[in-house]
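Q: For reference, the structure I am asking about is given below.
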Protein chains: 2
Amino acid sequence: MKNLDKFFDPKSIAIVGASPKKEKLGNILLRNIISGGYKGKIYCINPRYKKIGANKCYANLSELKKPVDLVLVAIPAPLVNQVIEEGVNTNPKIENYAIISSGFKETGKEGQKLEKKLKILAEKKKLNILGPNCLGFINPSEKLNATFTSGKFKSGKTAIVSQSGALAVALLDWTENLAVGFSKVISIGNKTVLDESDIIDYLAKDKDTEAIALYLEDIKDGPRFIEAVAKLKNKKPVIVLKSGKSSAGQKAITSHTGSLAQDRAIAEAVFEKLNIIEAKTIEEFQNLILYLNSDEIPGRREVIVFTNAGGPGVLASDFIGNSKILKLLQISDAVKSQLKKYLPASASTENPIDIIGDAAPDRYEKTLKIISKKYSQNPILIVLTPQSQTNPDKVARIVKSYKSKFPALVASFMGGVKVKKAAEYFLQSRIANFENPEEALLAIEKLVKYNLRKGEKIGIAAQQEIRLKLKINSIIQSAIKEKRGMLYWQEAEKIFGSYGIDLTKSLSLEKFSELELKKINYPCVLKADDPKIIHRWDKKAVILNIQNEKELKSAFLKIKRVAGSKRILVQPMAKPGLEMIIGLKRDTTFGPVVIVGTGGTFTEIIKDRVILIPPFAEKEVRGKLQELKIFPILKGFRGKKAYNAREITKIVLALQEIAPENPDISEIDINPAMFYNDGRGFQIVDAKIYL
Amino acid sequence: MKNLDKFFDPKSIAIVGASPKKEKLGNILLRNIISGGYKGKIYCINPRYKKIGANKCYANLSELKKPVDLVLVAIPAPLVNQVIEEGVNTNPKIENYAIISSGFKETGKEGQKLEKKLKILAEKKKLNILGPNCLGFINPSEKLNATFTSGKFKSGKTAIVSQSGALAVALLDWTENLAVGFSKVISIGNKTVLDESDIIDYLAKDKDTEAIALYLEDIKDGPRFIEAVAKLKNKKPVIVLKSGKSSAGQKAITSHTGSLAQDRAIAEAVFEKLNIIEAKTIEEFQNLILYLNSDEIPGRREVIVFTNAGGPGVLASDFIGNSKILKLLQISDAVKSQLKKYLPASASTENPIDIIGDAAPDRYEKTLKIISKKYSQNPILIVLTPQSQTNPDKVARIVKSYKSKFPALVASFMGGVKVKKAAEYFLQSRIANFENPEEALLAIEKLVKYNLRKGEKIGIAAQQEIRLKLKINSIIQSAIKEKRGMLYWQEAEKIFGSYGIDLTKSLSLEKFSELELKKINYPCVLKADDPKIIHRWDKKAVILNIQNEKELKSAFLKIKRVAGSKRILVQPMAKPGLEMIIGLKRDTTFGPVVIVGTGGTFTEIIKDRVILIPPFAEKEVRGKLQELKIFPILKGFRGKKAYNAREITKIVLALQEIAPENPDISEIDINPAMFYNDGRGFQIVDAKIYL
């Protein structure tokens, strides 16, 4: 693991490309570092100047000859590699570089070449490089703004990590406006050397950081990412805003960073498994940061909504009523009767507690006093609309005085002109104030969900026991030699068999005459067994429900003629059962995943599937099966018998085993496997292995 | 239809409860009307004073003896009815009242009584009454602020109608802050007389109003509401934010207004049918209002995203990529090559057009000039993040200079401190600026969807041809007499038969001996035929797949014994087919609706259903069937035959006919109807008629 302590908390910084010219990046960096109040040493590097402002200027890093904890590089891309070499060759060697310069892989072929050289150099010399094509970073506790964006930034508990410099700029400007602080802001740019996983490793140990918020366009190394997040052991929540979740978005990413497209569903399954909090929009991302700036992660799911406004109270109730996570706290009768003593008759002492529109500040005060005695550990949302008697400024002060009692207290003072001052007061007082109650509740919901799952252990990849399966290997190798993309049925049968899974007994033949001595059970089915015919239905290469030899012959010849298949499969017609799909897919980022869901005719219709990320054990598979829409049928529905989940699990676990042991298998598609609830087990009537 | 022209545009107003005391509602109203700049006559009414400020004060309405277009009532609830009576008895009679006072049905029994009397009085004397328990209304074009909330309100194109006074207060304060104007703001309070439908009727004719935005907790009269919206004929879009869409929300509504709970799915289906734009959150509601304040309803679905920031551009692409409505405009090669002339190599001329972070204002100018020539009719979203070379203020001015060219131009200048001035400039210039690109695109998406459906005709309930079905009536009446909540199978069979629908031929018997002379086709099914046994599976009152007489007898006795059913139904075992559910439900607000969806075992699993709102014709039913998840199976899937949609439609249309002609039937539940794609038509194996 890389040690980045000196990188983000340097005692000395050299700015390569420092300049007296205001419009130059090197000048902006220098100004930002000085005006931020950085206390360490600053060395300017530029052969054109002897002095920049009050700072002495060195021609190059070799001339400097002093230990430097961090080098900021802000010179044209073609000159960058040379500067790094200089740094490596100085005595003492410099290890840490943040390359602000753009002009690398995001610009095309020439840039890609430069970046490749940079990567090789860094690996050879064991250098830590942030960027290139990044904004730099900010460490507020050291008053260090090592970016080219200006501003007065406050300390806080959350670290922001962004793959988009522009988004980081907008977020920083937003945090400054809202007086939201952070522990670090790190722009990771092209991620040539340091990527999100390295930064997570660093932030895991950073004492200032209690939560990590990442904007990611791609994940560079899936297994590394899983490992880095798993190591956090839920001690610091991770929030991710992931873009590229549509083909249009992926196209946009490729055109601006050259990153590879990634499967949306798999990324979501990984986030879910790792208890990562996924923000679906920029606003959700911001609102989670806003919440964590001032409040603790809510320990309970029963929320108190406290309002002077009926309508917004109803909308808050709707949100909670439709939430699978949050509930409205039941107010006890004792508390209700305390509240009733001074509240008007038309107020509501049920949750949402509605002290109605004519509530003056004292009604807020009295109510908070009573509920803080019993319910201070519950999340509380204080909703206000500015009516004639309201006095939002005074109420804001009252809310502030109760902030220390409620670790999870947020406000939603709704409106504009009349709540402006109160909103500003909240900013100064580190109280999260949301534009409307639904936004506040969404942030609370996501954090409560995180908290509820904190106890779960996240499995870390154990070393795989690699079995030698020479027979399998020879099958696969011969298929590769024949340039087949898919295995024949009987090859697939052997591979599955060696993992303990039987396929439906079938005959594969080239000529009808091969059938002569075989006994066929009717009704039966004919299918093409041909690596070129993947979508058999589309090619009219399946004929069902064949009743006798005459029909069989005509069906055989028809498939030969119409589909042009060389080999044809004869299978008994499977009895109707519960049709499931079980598949193995390899994701470019996260490696193998196993998918289980409703199969057969209903596959496309109900889109019912779960994704399992290895490594998983039987228990996890069974837990995931419960998320299927079809689960009620599995466990026995309306007086019908249950299915044996162990049989499904067995196939899923076999696919998990197959994946690492057979890297040439790119995909497996079992669809359908027919399961029976009458003791007949299952029949795998179709199984394709792709290379 | 009520004429409310004088109500909302009065030449004279009497304020009952006017007062010189600053804290009194009557004083606040008076001050707001005067300071708003209202030009009509103002009469103060209060027996305690001779003069209030510069205004003469009358003891009561009888003393006034002058024509008054509108009376504002702001006195304690128990005195209100008397004031209305006075108004009615003056010469000339006063017809229009806005009752600001609370203390009616929202407070309990006493208030309910008062409100009932008020309603009877209004109906008898044909009065228009807004409220009670409302904020009043604002008519900016007449500079009339007849509410107790203060502010400087601008004219605009959208009318806001709110069932929550508090939400209206918050919205008004928000609009003032953002310089958003509106044509009217009407708080409808308890809706004792005037309800949302009356207001829609009025706004339909109001020349200032081009769009209507409603916050509703309940809909008072469903058919009236449908009629009022249908009459708009899509000439003015209707936006609805509907609360009470969860049981928690409904409980909150009941506790604060006493309104009835309404079915969420049915309300949503009504909105969909009427092409009403549904806002799911307060934010969506506000963003639609914000959009309509400055832009026209977008005429095209192909959006241009124009950005200086890659990350936000990707997130915008993701939104559009995942939208069923919006698309990214394809930029023509000619335009691309024009753009390439001055854009740097790493910029993107694909949509999103990304002029990258170092873009100075002139790059915005040049780009807008080129794309405005060809694409001014497309919606355009201009995204900006404040980087060092950006100069948001100058860019805002450039954007403004192109506003007249693009009828649907919105901005998302992201950040805080650095974009503050630009945001303020946008407010003054009536340019909608959203906090992030996703919010802007959601507003555009909803309005494009509205626009795409504008051409559809919305049917208005034609007079129903009432057939006399005496036989049916006698069946139903005898069941009512016997206090049965459900009909027997053979009764249901007769009712369906008279609407042209056959149920599966079945025998209903009390004793096994009744079977003696009947021929039974095996396999068969036994079911309880008992109005007390609704959930037969739960009561073990169904036995399937009976193969012979011996099994039949034992099954018969078992159902008798275990389920205690008096009558038992013998049915042939239906062959497996496509199982569908078809039902009739009566909604408390909207009356009868017909539901069609996937039935049988899959009913609960895939939750696949559509709701049809009468009146509908065959074409609409067929259109709706296409929305079913199961539709690909209906139309023939993977080489399988299609089902005859006409057979499904026939049953659906019969239920539509049954509903108005048999008001005592509360619900019909056909589940399943088995459909076959082999020419065998359908089998209705279970059909329950509830009273």
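All residue names refer to the structure tokens as shown: chains lettered A, B, ... in order, residues numbered from 1 in each chain, ligands numbered from 1 in order.
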Enumerate as a PyMOL selection string the residues belonging to chain A that approach chain B to within 7 Å, with only C-alpha atoms taken into account.

A: chain A and resi 106-107+149+164+166-167+169-171+173-174+176-177+243-249+252-253+256+282+309-312+314-315+317-318+321-322+345-346+357+385-388+414-418+436+537-538+605-606+629-630+638-639

Q: DSSP on the backbone: which residues in region 604-638 of chain B end up as strand (DSSP E or B)? Give the answer as a ChimeraX atom specification.

A: /B:609-612

Q: For the atom pair CA of Ile325 (chain A) and CA of Leu612 (chain A), what is the interatomic distance in Å to one decimal place?

A: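 Atom-to-atom, CA of Ile325 (chain A) and CA of Leu612 (chain A) are spaced 22.7 Å apart.
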
Q: Could you work out how far CA of Phe426 (chain A) lies from CA of Ala396 (chain A), giving the answer in Å with one decimal?

A: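 Here the two named atoms are 7.1 Å from each other.
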
Q: Please provide the set of residues having any atom within 12 Å of region 559-562 of chain B, restricted to only C-alpha atoms, with same-chain residues fewer than 6 positions apart removed, written as an mmCIF file with N, CA and C atoms, in the first residue's frame.

A:
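Result saved to selection-v2.cif:
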data_model
loop_
_atom_site.group_PDB
_atom_site.id
_atom_site.type_symbol
_atom_site.label_atom_id
_atom_site.label_comp_id
_atom_site.auth_asym_id
_atom_site.auth_seq_id
_atom_site.Cartn_x
_atom_site.Cartn_y
_atom_site.Cartn_z
ATOM 1 N N LEU B 509 -73.211 -27.489 -6.477
ATOM 2 C CA LEU B 509 -74.075 -28.428 -5.758
ATOM 3 C C LEU B 509 -73.862 -28.349 -4.254
ATOM 4 N N GLU B 510 -74.917 -28.744 -3.549
ATOM 5 C CA GLU B 510 -74.794 -28.754 -2.097
ATOM 6 C C GLU B 510 -74.407 -30.134 -1.588
ATOM 7 N N LYS B 511 -74.977 -31.147 -2.272
ATOM 8 C CA LYS B 511 -74.700 -32.518 -1.820
ATOM 9 C C LYS B 511 -74.008 -33.293 -2.937
ATOM 10 N N PHE B 512 -73.203 -34.262 -2.548
ATOM 11 C CA PHE B 512 -72.480 -35.046 -3.543
ATOM 12 C C PHE B 512 -73.461 -35.836 -4.407
ATOM 13 N N VAL B 525 -61.897 -29.948 -11.207
ATOM 14 C CA VAL B 525 -61.476 -29.095 -10.091
ATOM 15 C C VAL B 525 -62.682 -28.909 -9.177
ATOM 16 N N LEU B 526 -62.444 -28.906 -7.882
ATOM 17 C CA LEU B 526 -63.519 -28.543 -6.930
ATOM 18 C C LEU B 526 -63.150 -27.254 -6.205
ATOM 19 N N LYS B 527 -64.168 -26.389 -6.037
ATOM 20 C CA LYS B 527 -63.945 -25.114 -5.344
ATOM 21 C C LYS B 527 -65.157 -24.811 -4.477
ATOM 22 N N ALA B 528 -64.930 -24.191 -3.349
ATOM 23 C CA ALA B 528 -66.047 -23.685 -2.559
ATOM 24 C C ALA B 528 -66.765 -22.612 -3.372
ATOM 25 N N ASP B 529 -68.111 -22.628 -3.300
ATOM 26 C CA ASP B 529 -68.890 -21.557 -3.945
ATOM 27 C C ASP B 529 -69.675 -20.910 -2.818
ATOM 28 N N ASP B 530 -68.985 -20.053 -2.097
ATOM 29 C CA ASP B 530 -69.535 -19.568 -0.831
ATOM 30 C C ASP B 530 -69.117 -18.111 -0.615
ATOM 31 N N ILE B 533 -66.383 -17.391 1.711
ATOM 32 C CA ILE B 533 -65.005 -17.840 1.444
ATOM 33 C C ILE B 533 -64.469 -17.098 0.218
ATOM 34 N N ARG B 536 -60.026 -18.530 -1.439
ATOM 35 C CA ARG B 536 -60.216 -19.971 -1.383
ATOM 36 C C ARG B 536 -58.939 -20.716 -1.046
ATOM 37 N N TRP B 537 -57.798 -20.230 -1.572
ATOM 38 C CA TRP B 537 -56.544 -20.936 -1.309
ATOM 39 C C TRP B 537 -56.223 -20.930 0.168
ATOM 40 N N ASP B 538 -56.439 -19.776 0.777
ATOM 41 C CA ASP B 538 -56.110 -19.664 2.196
ATOM 42 C C ASP B 538 -56.972 -20.594 3.039
ATOM 43 N N LYS B 539 -58.202 -20.798 2.577
ATOM 44 C CA LYS B 539 -59.139 -21.623 3.352
ATOM 45 C C LYS B 539 -59.098 -23.087 2.915
ATOM 46 N N LYS B 540 -58.111 -23.434 2.099
ATOM 47 C CA LYS B 540 -58.023 -24.794 1.552
ATOM 48 C C LYS B 540 -59.327 -25.221 0.893
ATOM 49 N N ALA B 541 -59.931 -24.314 0.155
ATOM 50 C CA ALA B 541 -61.233 -24.565 -0.443
ATOM 51 C C ALA B 541 -61.136 -24.777 -1.959
ATOM 52 N N VAL B 542 -59.963 -25.188 -2.428
ATOM 53 C CA VAL B 542 -59.784 -25.546 -3.842
ATOM 54 C C VAL B 542 -58.995 -26.850 -3.904
ATOM 55 N N ILE B 543 -59.436 -27.769 -4.742
ATOM 56 C CA ILE B 543 -58.620 -28.957 -5.008
ATOM 57 C C ILE B 543 -58.552 -29.145 -6.531
ATOM 58 N N LEU B 544 -57.323 -29.183 -7.029
ATOM 59 C CA LEU B 544 -57.111 -29.244 -8.477
ATOM 60 C C LEU B 544 -56.853 -30.676 -8.927
ATOM 61 N N LEU B 552 -62.835 -37.514 -6.512
ATOM 62 C CA LEU B 552 -63.819 -36.434 -6.493
ATOM 63 C C LEU B 552 -64.594 -36.442 -5.180
ATOM 64 N N LYS B 553 -65.028 -37.623 -4.799
ATOM 65 C CA LYS B 553 -65.830 -37.716 -3.579
ATOM 66 C C LYS B 553 -65.010 -37.295 -2.363
ATOM 67 N N ILE B 568 -70.622 -26.291 -3.478
ATOM 68 C CA ILE B 568 -69.308 -26.584 -4.059
ATOM 69 C C ILE B 568 -69.436 -26.609 -5.577
ATOM 70 N N LEU B 569 -68.416 -26.080 -6.228
ATOM 71 C CA LEU B 569 -68.413 -25.927 -7.673
ATOM 72 C C LEU B 569 -67.555 -27.024 -8.291
ATOM 73 N N VAL B 570 -68.103 -27.682 -9.336
ATOM 74 C CA VAL B 570 -67.305 -28.669 -10.074
ATOM 75 C C VAL B 570 -67.008 -28.078 -11.448
#
